[in-house]
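Enquirer: File entry.txt below, compact mmCIF, C-alpha atoms and all ligand atoms:
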```txt
# COMPACT_ATOMS: atom_id res chain seq x y z
CA MET P 145 18.91 -0.92 -16.60
CA ALA P 146 15.63 -0.52 -18.51
CA GLY P 147 15.43 -4.15 -19.59
CA LEU P 148 16.22 -5.51 -16.13
CA CYS P 149 13.72 -3.14 -14.47
CA ALA P 150 11.02 -4.08 -17.01
CA ALA P 151 11.60 -7.80 -16.50
CA ALA P 152 11.73 -7.55 -12.70
CA ARG P 153 8.43 -5.65 -12.67
CA ALA P 154 6.82 -7.97 -15.23
CA ARG P 155 7.72 -10.96 -13.08
CA GLU P 156 6.15 -9.26 -10.07
CA LEU P 157 2.99 -8.85 -12.14
CA GLY P 158 2.86 -12.58 -12.82
CA LEU P 159 4.36 -12.65 -16.32
CA GLU P 160 7.32 -14.81 -17.35
CA PRO P 161 9.72 -12.41 -19.03
CA VAL P 162 13.05 -13.27 -20.63
CA VAL P 163 15.92 -10.75 -20.77
CA TYR P 164 17.95 -11.25 -23.92
CA GLU P 165 21.37 -9.71 -23.33
CA LYS P 166 23.76 -9.36 -26.24
CA GLY P 167 26.78 -8.83 -23.99
CA ASP P 168 28.63 -11.31 -21.83
CA ARG P 169 27.42 -9.64 -18.62
CA PRO P 170 24.22 -8.01 -17.38
CA GLY P 171 24.05 -4.33 -16.43
CA GLY P 172 24.92 -2.54 -19.68
CA SER P 173 26.21 0.99 -19.17
CA MET P 174 24.54 1.10 -15.78
CA LEU P 175 27.28 -1.19 -14.47
CA LEU P 176 29.93 1.33 -15.61
CA SER P 177 28.07 4.36 -14.33
CA SER P 178 28.28 6.60 -11.25
CA CYS P 179 24.81 5.16 -10.60
CA VAL P 180 23.13 8.34 -9.40
CA VAL P 181 19.43 7.89 -10.19
CA TRP P 182 17.81 11.31 -10.13
CA ARG P 183 15.14 13.71 -11.32
CA TYR P 184 14.82 17.48 -11.45
CA ARG P 185 12.97 18.93 -8.45
CA THR P 186 9.97 20.07 -10.50
CA LEU P 187 8.50 19.53 -13.93
CA GLU P 188 9.13 23.23 -14.61
CA ASP P 189 12.84 22.71 -13.91
CA PHE P 190 12.88 19.68 -16.23
CA ARG P 191 11.17 21.70 -18.98
CA ALA P 192 13.62 24.57 -18.53
CA GLU P 193 16.69 22.27 -18.53
CA CYS P 194 15.54 20.11 -21.47
CA PRO P 195 13.27 22.43 -23.51
CA GLY P 196 13.30 20.23 -26.62
CA GLY P 197 12.11 17.14 -24.75
CA ASP P 198 8.69 15.52 -24.99
CA PRO P 199 6.59 17.20 -22.23
CA ARG P 200 4.34 14.15 -21.71
CA LEU P 201 7.31 11.87 -21.07
CA GLN P 202 9.00 14.43 -18.84
CA GLU P 203 5.79 14.63 -16.80
CA LEU P 204 5.67 10.84 -16.56
CA ILE P 205 9.23 10.73 -15.21
CA VAL P 206 8.68 13.45 -12.61
CA GLU P 207 5.36 11.93 -11.48
CA ARG P 208 6.51 8.33 -11.27
CA PHE P 209 10.10 8.79 -10.14
CA ASP P 210 9.62 8.74 -6.36
CA ASP P 211 7.55 5.54 -6.37
CA ALA P 212 9.89 3.95 -8.89
CA LEU P 213 12.90 4.77 -6.71
CA ALA P 214 11.13 3.29 -3.68
CA TRP P 215 10.44 0.16 -5.73
CA LEU P 216 14.13 -0.04 -6.67
CA GLU P 217 15.17 0.36 -3.03
CA SER P 218 12.73 -2.36 -2.00
CA LEU P 219 14.87 -4.84 -3.96
CA GLY P 220 17.68 -4.17 -1.47
CA PRO P 221 20.58 -2.78 -3.55
CA PRO P 222 23.45 -1.12 -1.64
CA ILE P 223 22.92 2.65 -1.39
CA VAL P 224 26.04 4.83 -1.53
CA TRP P 225 24.46 8.27 -1.09
CA GLU P 226 21.00 9.06 0.30
CA GLU P 227 21.00 12.34 -1.70
CA THR P 228 22.54 13.40 -4.98
CA GLY P 229 24.54 16.31 -3.54
CA ASN P 230 23.25 18.48 -6.39
CA PRO P 231 20.76 21.17 -5.31
CA ARG P 232 18.94 20.91 -8.66
CA THR P 233 18.08 17.24 -8.26
CA ILE P 234 16.49 14.57 -6.07
CA GLY P 235 17.62 10.96 -6.02
CA LYS P 236 20.08 8.43 -4.67
CA ARG P 237 23.37 6.89 -5.62
CA PHE P 238 23.59 3.11 -5.71
CA ASP P 239 26.51 0.75 -5.97
CA PRO P 240 26.33 -0.28 -9.64
CA ARG P 241 27.52 -3.86 -9.10
CA GLY P 242 25.07 -4.37 -6.23
CA LEU P 243 22.21 -2.83 -8.22
CA THR P 244 22.97 -5.04 -11.22
CA ASP P 245 23.00 -8.14 -9.04
CA VAL P 246 19.64 -7.48 -7.34
CA LEU P 247 17.97 -6.49 -10.62
CA ALA P 248 19.31 -9.53 -12.48
CA HIS P 249 18.08 -11.73 -9.64
CA ALA P 250 14.62 -10.12 -9.67
CA ALA P 251 14.44 -10.29 -13.48
CA GLY P 252 14.98 -14.05 -13.29
CA ASP P 253 15.65 -15.44 -16.74
CA VAL P 254 18.61 -13.41 -18.10
CA ARG P 255 20.23 -15.00 -21.15
CA LEU P 256 23.73 -13.71 -21.87
CA GLU P 257 25.32 -13.47 -25.31
CA SER P 258 21.80 -13.64 -26.75
CA PRO P 259 20.70 -10.78 -29.01
CA PHE P 260 16.92 -10.35 -28.81
CA PRO P 261 15.04 -12.52 -31.33
CA SER P 262 13.12 -10.53 -33.93
CA THR P 263 10.11 -12.84 -33.59
CA GLN P 264 9.53 -12.03 -29.92
CA ASP P 265 6.07 -10.55 -29.30
CA PRO P 266 5.51 -8.50 -27.22
CA LEU P 267 8.96 -7.00 -27.07
CA VAL P 268 10.42 -4.20 -24.92
CA LEU P 269 13.36 -2.70 -26.81
CA SER P 270 16.00 -1.63 -24.30
CA THR P 271 19.32 -1.90 -26.11
CA GLY P 272 20.74 1.34 -24.69
CA GLY P 273 21.02 3.66 -27.72
CA PHE P 274 23.18 3.87 -30.85
CA GLN P 275 26.46 5.40 -29.64
CA GLY P 276 28.31 2.16 -30.34
CA ASP P 277 27.56 2.27 -34.07
CA GLY P 278 29.94 4.53 -36.00
CA GLU P 279 27.71 4.73 -39.05
CA LEU P 280 24.66 5.91 -37.07
CA VAL P 281 26.77 8.37 -35.07
CA HIS P 282 28.11 9.82 -38.35
CA ARG P 283 24.63 9.94 -39.88
CA TYR P 284 22.91 11.72 -37.01
CA ILE P 285 25.54 13.38 -34.80
CA THR P 286 28.94 14.25 -36.23
CA ASP P 287 31.43 13.48 -38.99
CA GLU P 288 34.28 13.91 -36.54
CA PRO P 289 35.72 10.99 -34.56
CA VAL P 290 34.31 10.71 -31.02
CA LEU P 291 35.33 8.49 -28.13
CA HIS P 292 32.92 5.79 -27.06
CA ARG P 293 32.18 6.05 -23.32
CA ALA P 294 29.62 3.29 -22.82
CA ASN P 295 29.17 -0.48 -22.81
CA PRO P 296 30.42 -2.00 -26.09
CA TRP P 297 27.12 -3.55 -27.21
CA SER P 298 24.69 -0.60 -27.50
CA ALA P 299 24.94 -0.15 -31.24
CA GLY P 300 21.49 0.89 -32.41
CA ASP P 301 19.90 -2.57 -32.66
CA GLY P 302 16.72 -1.36 -30.97
CA LEU P 303 16.51 1.74 -33.16
CA ARG P 304 17.00 -0.19 -36.39
CA PHE P 305 14.47 -2.85 -35.38
CA GLY P 306 11.90 -0.28 -34.29
CA LEU P 307 12.24 1.67 -37.54
CA ALA P 308 11.92 -1.51 -39.59
CA ARG P 309 8.68 -2.28 -37.71
CA GLY P 310 7.27 1.15 -38.64
CA GLY P 311 8.31 3.16 -35.58
CA ALA P 312 8.98 6.89 -35.90
CA LEU P 313 12.08 8.82 -34.87
CA SER P 314 11.96 11.12 -31.84
CA ASP P 315 13.41 14.61 -31.60
CA GLY P 316 16.98 15.16 -30.44
CA LEU P 317 18.65 12.74 -32.85
CA ASP P 318 21.77 14.89 -33.20
CA GLU P 319 22.24 15.17 -29.43
CA PHE P 320 24.06 13.04 -26.90
CA TYR P 321 25.06 12.96 -23.28
CA GLY P 322 28.80 12.71 -22.83
CA ARG P 323 31.94 13.91 -21.16
CA ALA P 324 35.20 15.48 -22.22
CA MET P 325 37.82 12.75 -21.82
CA PRO P 326 41.61 12.83 -22.11
CA ALA P 327 42.27 12.59 -25.86
CA PRO P 328 44.34 9.75 -27.35
CA PRO P 329 47.03 8.61 -26.80
CA ALA P 330 45.43 8.48 -23.33
CA HIS P 331 44.31 4.99 -22.40
CA VAL P 332 40.73 5.11 -21.10
CA PRO P 333 39.46 1.63 -20.14
CA GLU P 334 35.77 1.28 -19.26
CA GLU P 335 36.38 0.96 -15.51
CA ARG P 336 37.96 4.44 -15.59
CA PHE P 337 35.20 6.23 -17.54
CA VAL P 338 34.02 8.04 -14.39
CA GLU P 339 37.35 9.06 -12.82
CA LEU P 340 39.01 10.22 -16.05
CA ALA P 341 36.19 12.61 -17.03
CA GLN P 342 37.43 16.21 -17.36
CA LEU P 343 34.63 18.21 -15.73
CA TYR P 344 36.05 21.74 -15.63
CA GLY P 345 35.24 23.08 -19.09
CA SER P 346 33.21 25.92 -17.53
CA TYR P 347 36.34 27.15 -15.72
CA ALA P 348 38.73 26.76 -18.64
CA LEU P 349 39.52 28.65 -21.79
CA VAL P 350 38.28 26.18 -24.41
CA LEU P 351 40.07 26.23 -27.76
CA ASN P 352 39.90 24.08 -30.83
CA GLU P 353 42.91 22.76 -32.74
CA ASP P 354 43.21 26.12 -34.54
CA GLY P 355 43.25 28.07 -31.29
CA GLU P 356 39.70 29.39 -31.75
CA GLU P 357 37.14 29.69 -28.99
CA PHE P 358 33.87 27.92 -29.76
CA ALA P 359 32.23 27.02 -26.41
CA PRO P 360 28.56 27.81 -25.83
CA ASP P 361 28.07 30.88 -23.66
CA PRO P 362 27.09 30.16 -20.96
CA ILE P 363 28.08 26.51 -20.70
CA SER P 364 25.37 24.43 -19.01
CA TRP P 365 25.97 23.00 -15.51
CA ALA P 366 26.34 19.45 -16.86
CA GLU P 367 28.62 20.67 -19.71
CA THR P 368 26.73 18.40 -22.13
CA ASP P 369 26.35 21.28 -24.57
CA LEU P 370 30.11 21.89 -24.47
CA VAL P 371 30.91 18.22 -25.12
CA GLN P 372 28.48 18.21 -28.06
CA ALA P 373 30.21 21.31 -29.42
CA ILE P 374 33.63 19.61 -29.08
CA ALA P 375 32.28 16.65 -31.05
CA ARG P 376 31.70 19.01 -34.00
CA GLN P 377 35.12 20.66 -33.91
CA PRO P 378 37.98 19.42 -36.11
CA GLY P 379 39.01 15.96 -34.93
CA GLY P 380 36.35 16.02 -32.17
CA ARG P 381 39.08 17.50 -29.97
CA ALA P 382 39.69 20.60 -27.85
CA TRP P 383 42.18 22.13 -25.43
CA TYR P 384 41.13 23.02 -21.89
CA VAL P 385 43.50 25.80 -20.83
CA VAL P 386 43.57 26.74 -17.14
CA ASP P 387 45.28 29.29 -14.93
CA GLU P 388 46.81 28.69 -11.49
CA PRO P 389 43.76 29.57 -9.28
CA THR P 390 41.54 27.23 -11.35
CA LEU P 391 43.71 24.26 -10.35
CA GLU P 392 42.37 24.52 -6.78
CA ILE P 393 38.68 24.56 -7.70
CA GLU P 394 36.84 21.50 -6.42
CA ILE P 395 34.16 19.90 -8.60
CA ARG P 396 32.26 16.85 -7.36
CA GLY P 397 34.86 15.90 -4.81
CA ARG P 398 37.95 16.43 -6.97
CA THR P 399 40.07 19.46 -7.73
CA VAL P 400 40.85 20.50 -11.28
CA ALA P 401 44.49 19.63 -10.50
CA ASP P 402 43.38 16.06 -9.59
CA MET P 403 41.55 15.71 -12.91
CA ILE P 404 44.54 17.00 -14.86
CA ASP P 405 46.86 14.64 -12.97
CA ALA P 406 44.55 11.74 -13.84
CA ALA P 407 44.62 12.72 -17.53
CA ARG P 408 48.42 12.89 -17.48
CA GLU P 409 48.76 9.59 -15.62
CA ALA P 410 46.48 7.90 -18.20
CA GLY P 411 48.89 8.97 -20.94
CA GLY P 412 46.94 12.04 -22.06
CA THR P 413 48.57 15.15 -23.47
CA VAL P 414 49.09 17.87 -20.85
CA VAL P 415 51.39 20.73 -21.87
CA THR P 416 52.21 24.20 -20.57
CA ALA P 417 50.03 26.88 -22.12
CA GLY P 418 53.12 28.35 -23.79
CA GLU P 419 53.78 25.09 -25.66
CA LEU P 420 50.43 25.35 -27.45
CA GLY P 421 51.78 27.96 -29.83
CA PHE P 422 48.68 30.20 -29.55
CA GLU P 423 48.85 33.78 -28.32
CA LEU P 424 47.51 33.63 -24.77
CA PRO P 425 47.78 35.80 -21.65
CA ASP P 426 50.69 34.76 -19.39
CA SER P 427 48.32 33.76 -16.57
CA TYR P 428 47.44 30.49 -18.28
CA ARG P 429 49.41 27.53 -16.92
CA TYR P 430 48.36 24.18 -18.40
CA ALA P 431 46.55 22.93 -21.49
CA VAL P 432 44.87 19.52 -21.53
CA HIS P 433 43.96 17.84 -24.81
CA VAL P 434 40.42 16.48 -24.56
CA ALA P 435 38.10 14.55 -26.85
CA ALA P 436 34.31 14.34 -26.88
CA GLY P 437 33.25 11.05 -25.27
CA ILE P 438 29.74 9.87 -26.07
CA THR P 439 27.97 8.11 -23.21
CA HIS P 440 24.55 7.74 -24.76
CA THR P 441 22.41 9.15 -27.49
CA VAL P 442 19.42 11.38 -26.73
CA GLY P 443 17.26 10.70 -29.79
CA GLY P 444 15.71 7.33 -30.52
CA LEU P 445 12.28 5.86 -31.10
CA LYS P 446 9.17 7.89 -30.44
CA VAL P 447 7.14 6.42 -27.55
CA ASP P 448 4.01 7.41 -25.63
CA GLU P 449 3.37 7.54 -21.86
CA ARG P 450 2.78 3.76 -21.88
CA ALA P 451 6.22 3.18 -23.46
CA ARG P 452 4.57 2.02 -26.70
CA VAL P 453 6.58 2.68 -29.84
CA LEU P 454 4.64 5.09 -32.05
CA ALA P 455 4.42 5.17 -35.85
CA GLU P 456 4.56 8.41 -37.89
CA ASP P 457 0.75 8.72 -37.71
CA GLY P 458 0.90 8.52 -33.89
CA ALA P 459 -0.63 5.03 -33.67
CA PRO P 460 1.17 2.45 -31.49
CA VAL P 461 3.14 -0.26 -33.28
CA ASP P 462 1.53 -3.53 -32.22
CA GLY P 463 3.37 -5.36 -29.43
CA LEU P 464 6.41 -3.07 -29.50
CA PHE P 465 7.64 -1.04 -26.54
CA ALA P 466 10.86 0.88 -25.88
CA ALA P 467 12.48 1.94 -22.62
CA GLY P 468 15.71 3.61 -21.50
CA VAL P 469 17.89 5.22 -24.13
CA ASP P 470 16.02 3.46 -26.98
CA ALA P 471 13.03 5.65 -26.05
CA GLY P 472 14.17 8.95 -27.52
CA GLY P 473 13.69 12.65 -27.13
CA ILE P 474 13.06 12.92 -23.38
CA ALA P 475 16.13 15.03 -22.57
CA ALA P 476 16.35 16.87 -25.91
CA GLY P 477 17.93 20.30 -25.52
CA GLY P 478 19.66 19.37 -22.28
CA TYR P 479 20.58 16.62 -19.88
CA ALA P 480 18.57 14.35 -17.59
CA SER P 481 19.26 11.12 -15.72
CA GLY P 482 19.47 8.22 -18.16
CA LEU P 483 19.06 5.81 -15.26
CA ALA P 484 15.81 7.50 -14.18
CA THR P 485 14.46 7.25 -17.72
CA ALA P 486 15.41 3.58 -17.82
CA LEU P 487 13.81 2.92 -14.44
CA VAL P 488 10.52 4.73 -15.03
CA LEU P 489 10.01 3.62 -18.63
CA GLY P 490 11.10 0.07 -17.78
CA LEU P 491 8.40 -0.17 -15.10
CA THR P 492 5.88 1.55 -17.36
CA ALA P 493 6.58 -0.85 -20.22
CA ALA P 494 6.12 -3.87 -17.94
CA GLU P 495 2.82 -2.51 -16.65
CA SER P 496 1.63 -1.82 -20.21
CA LEU P 497 2.34 -5.37 -21.42
CA GLY P 498 -0.81 -6.91 -20.04
CA LEU P 499 -3.16 -4.04 -20.98
C1 LIG X 1 30.67 6.23 -17.12
C2 LIG X 1 29.17 6.43 -17.07
C3 LIG X 1 28.62 7.15 -16.00
C4 LIG X 1 27.23 7.33 -15.94
N1 LIG X 1 26.68 7.93 -14.83
C5 LIG X 1 25.34 8.05 -14.75
C6 LIG X 1 24.73 8.57 -13.57
O1 LIG X 1 25.37 8.79 -12.53
N2 LIG X 1 23.37 8.77 -13.58
C7 LIG X 1 22.60 8.46 -14.66
O2 LIG X 1 21.40 8.66 -14.61
N3 LIG X 1 23.15 7.91 -15.76
C8 LIG X 1 24.48 7.68 -15.82
N4 LIG X 1 25.03 7.08 -16.92
C9 LIG X 1 24.14 6.71 -18.03
C10 LIG X 1 23.38 5.42 -17.72
O3 LIG X 1 24.29 4.38 -17.45
C11 LIG X 1 22.50 5.06 -18.92
O4 LIG X 1 21.66 6.16 -19.22
C12 LIG X 1 21.61 3.85 -18.62
O5 LIG X 1 22.39 2.72 -18.30
C13 LIG X 1 20.72 3.58 -19.82
O6 LIG X 1 19.93 2.45 -19.57
P1 LIG X 1 19.51 1.51 -20.76
O7 LIG X 1 18.79 0.36 -20.16
O8 LIG X 1 18.85 2.28 -21.82
O9 LIG X 1 20.92 1.02 -21.37
P2 LIG X 1 22.02 0.08 -20.70
O10 LIG X 1 21.95 0.14 -19.23
O11 LIG X 1 23.31 0.40 -21.35
O12 LIG X 1 21.59 -1.37 -21.17
C14 LIG X 1 21.47 -1.70 -22.52
C15 LIG X 1 21.74 -3.19 -22.65
O13 LIG X 1 21.30 -3.66 -23.94
C16 LIG X 1 22.23 -4.64 -24.38
N5 LIG X 1 22.04 -4.82 -25.82
C17 LIG X 1 22.44 -4.02 -26.83
N6 LIG X 1 22.02 -4.53 -28.01
C18 LIG X 1 21.34 -5.66 -27.74
C19 LIG X 1 20.66 -6.64 -28.53
N7 LIG X 1 20.58 -6.55 -29.87
N8 LIG X 1 20.07 -7.69 -27.92
C20 LIG X 1 20.16 -7.83 -26.57
N9 LIG X 1 20.80 -6.94 -25.75
C21 LIG X 1 21.36 -5.87 -26.34
C22 LIG X 1 23.56 -4.08 -23.95
O14 LIG X 1 24.54 -5.08 -23.92
C23 LIG X 1 23.23 -3.54 -22.54
O15 LIG X 1 23.41 -4.51 -21.55
C24 LIG X 1 26.39 6.83 -16.97
C25 LIG X 1 26.95 6.07 -18.01
C26 LIG X 1 28.33 5.85 -18.05
C27 LIG X 1 28.91 4.99 -19.14
```
Could you write out this file's structure as structure tokens?
Expert:
Amino acid sequence: MAGLCAAARARELGLEPVVYEKGDRPGGSMLLSSCVVWRYRTLEDFRAECPGGDPRLQELIVERFDDALAWLESLGPPIVWEETGNPRTIGKRFDPRGLTDVLAHAAGDVRLESPFPSTQDPLVLSTGGFQGDGELVHRYITDEPVLHRANPWSAGDGLRFGLARGGALSDGLDEFYGRAMPAPPAHVPEERFVELAQLYGSYALVLNEDGEEFAPDPISWAETDLVQAIARQPGGRAWYVVDEPTLEIEIRGRTVADMIDAAREAGGTVVTAGELGFELPDSYRYAVHVAAGITHTVGGLKVDERARVLAEDGAPVDGLFAAGVDAGGIAAGGYASGLATALVLGLTAAESLGL
């Protein structure tokens, strides 16, 4: 998303960008996503939701978002929803395939199966984070096994390259955005990342493998804090235990019963509460075994409001920019739209290239 947006904007500005894409298709995780591009209603809301994030970058996103979204729409991608349906946020939902196609067309020269060359100058790093690299996930986030809920190629190449060039690390390195997914042996292919997400942790009794409660109190609306907590429990696993009335609750168009059925149908472990072997009130009906799924990392390279990668002393690293998930620390302490970050910082990076 960030790389395609940066290239499309750079081409508009008269430059001749090349998108180097390591994978065998354009679109990265954006292509797998729900594709809701959104911002919080106000900067104050953003600060309150993501208190550890860089205030200058949060301001940039809130200030530039509406124009950036209008720019995106001007490319003609299919729009699925005119509003997000979430009272906290403003934005639109696109069709991810259609958005990928129009962006790749506008970007022009997209070279597949081509990792970015280290000699390229200037360079906009937009490799989508480090969730695909087990060693980096262990180093910064958790020793427990986590599921990978993203495109297969975002494995920290941008972060490693930026650090080797003298870039500094942002805040939020131990954080990620993710979802609770049906735990193995469930089969969770990438085209089912959205529909298999188990989004009812706030309504469930959440237990670890030893039957202990560990969930944050309260759990945030996006449940990102809960998923991060699961990632640090033994095995990166938890049980969501629900009672009968909870099954009828509707969350983003699906009932809890629908989500549990989907987990069962995918081969996940769904048992009666009694089968768990923990002492629980009789009202509990089902227990679903879930695992923390990591969608993208929150920490990355430190950048400024022009998307320039910054060194420890705060000076920009010559010719090096980062956008999207590679630009770290924006949503630290909470959750914000990764697609909005990719859009705004992608445009910003392109506009900074010629300065
Ligand atoms: C199931 C799911 C649902 C989601 N839903 C939403 C949503 O509704 N709203 C939202 O805001 N966000 C959502 N997201 C998150 C969103 O997709 C990401 O935040 C966004 O795509 C990040 O943009 P990016 O450009 O940083 O990374 P990506 O879009 O992932 O692109 C990174 C690209 O870099 C490529 N790459 C990696 N290494 C190299 C290399 N060395 N050389 C060249 N190329 C390389 C990758 O192949 C990939 O194509 C969702 C994600 C998933 C997986």
Enquirer: In Å, with one decimal, what is the gap from CA of Ala152 in chain P to CA of Trp215 in chain P?
Expert: 10.5 Å
Enquirer: Could you give me, as a tab-separated table, every range 299-379 of chain P residue with an atom at most 8 Å from range 174-183 of chain P, plus its closest atom pair and distance in Å to one decimal, counting all atoms listed in the file, rows ordered by chain then number?
Expert:
```
residue	atom	partner	partner_atom	distance
P:Glu334	CA	P:Leu176	CA	6.9
P:Glu335	CA	P:Leu176	CA	6.5
P:Phe337	CA	P:Leu176	CA	7.5
P:Val338	CA	P:Ser178	CA	6.7
```
Enquirer: I need the residue nearest Asp277 in chain P from this list: P:Thr441, P:Asp402, P:Leu201, P:Tyr430. Use only C-alpha atoms for the distance.
Expert: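 Counting only C-alpha atoms, the residue closest to Asp277 in chain P is P:Thr441.
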Enquirer: Excluding Arg429 in chain P and residues on its chain fewer than 5 positions from it, collect all residues at most 6 Å away from it, counting all atoms listed in the file, and give them as a list of chain:residue names.
Expert: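 Returned residues: P:Val386, P:Asp387, P:Thr416, P:Ala417.
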Enquirer: Take the residues from that selection and put them in a file with C-alpha atoms, as a PDB file, in the frame of the given file.
Expert:
```pdb
ATOM      1  CA  VAL P 386      43.570  26.740 -17.140  1.00  0.00           C
ATOM      2  CA  ASP P 387      45.280  29.290 -14.930  1.00  0.00           C
ATOM      3  CA  THR P 416      52.210  24.200 -20.570  1.00  0.00           C
ATOM      4  CA  ALA P 417      50.030  26.880 -22.120  1.00  0.00           C
TER       5      ALA P 417
END
```
Enquirer: Using all atoms listed in the file, which residue out of P:Leu487, P:Leu291, P:Ala475, P:Ala324 lies closest to Pro199 in chain P?
Expert: P:Ala475
Enquirer: Extending 3 Å beyond the listed atoms of range 336-345 of chain P on each side, what axis-aligned box results? I want centre and edge lengths in Å to one decimal, as lines of an AutoDock Vina configuration file.
Expert:
```
center_x = 36.5
center_y = 13.8
center_z = -16.0
size_x = 11.0
size_y = 24.6
size_z = 12.3
```
Enquirer: Under the rule that only C-alpha atoms and all ligand atoms are counted, which of P:Glu357, P:Glu257, P:Glu226, P:Asp245 is the nearest residue to ligand LIG 1 (chain X)?
Expert: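 That would be P:Glu257, the residue with the smallest distance to ligand LIG 1 (chain X).
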Enquirer: List the spatial neighbours of range 482-485 of chain P as a VMD selection string - criterion: any atom at most 10 Å away, all atoms listed in the file, same-chain residues fewer than 4 positions off excluded.
Expert: chain P and resid 145 to 146 173 to 174 177 179 to 183 201 to 202 204 to 206 208 to 209 212 to 213 235 272 321 439 to 442 467 to 469 471 to 472 474 to 475 489 to 491
Enquirer: Report, in Å with one decimal, the straight-line distance from CA of Thr263 in chain P to atom C18 of ligand LIG 1 (chain X).
Expert: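 Computed distance, CA of Thr263 in chain P to atom C18 of ligand LIG 1 (chain X), equals 14.6 Å.
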Enquirer: So the first atom is CA of Thr233 in chain P and the second is atom C7 of ligand LIG 1 (chain X); what is the distance between them in Å, to one decimal place?
Expert: 11.8 Å
Enquirer: Ranking P:Leu370, P:Ala431, P:Ala466, P:Ala330 by minimum distance to ligand LIG 1 (chain X) and counting all atoms listed in the file, which one comes first?
Expert: P:Ala466
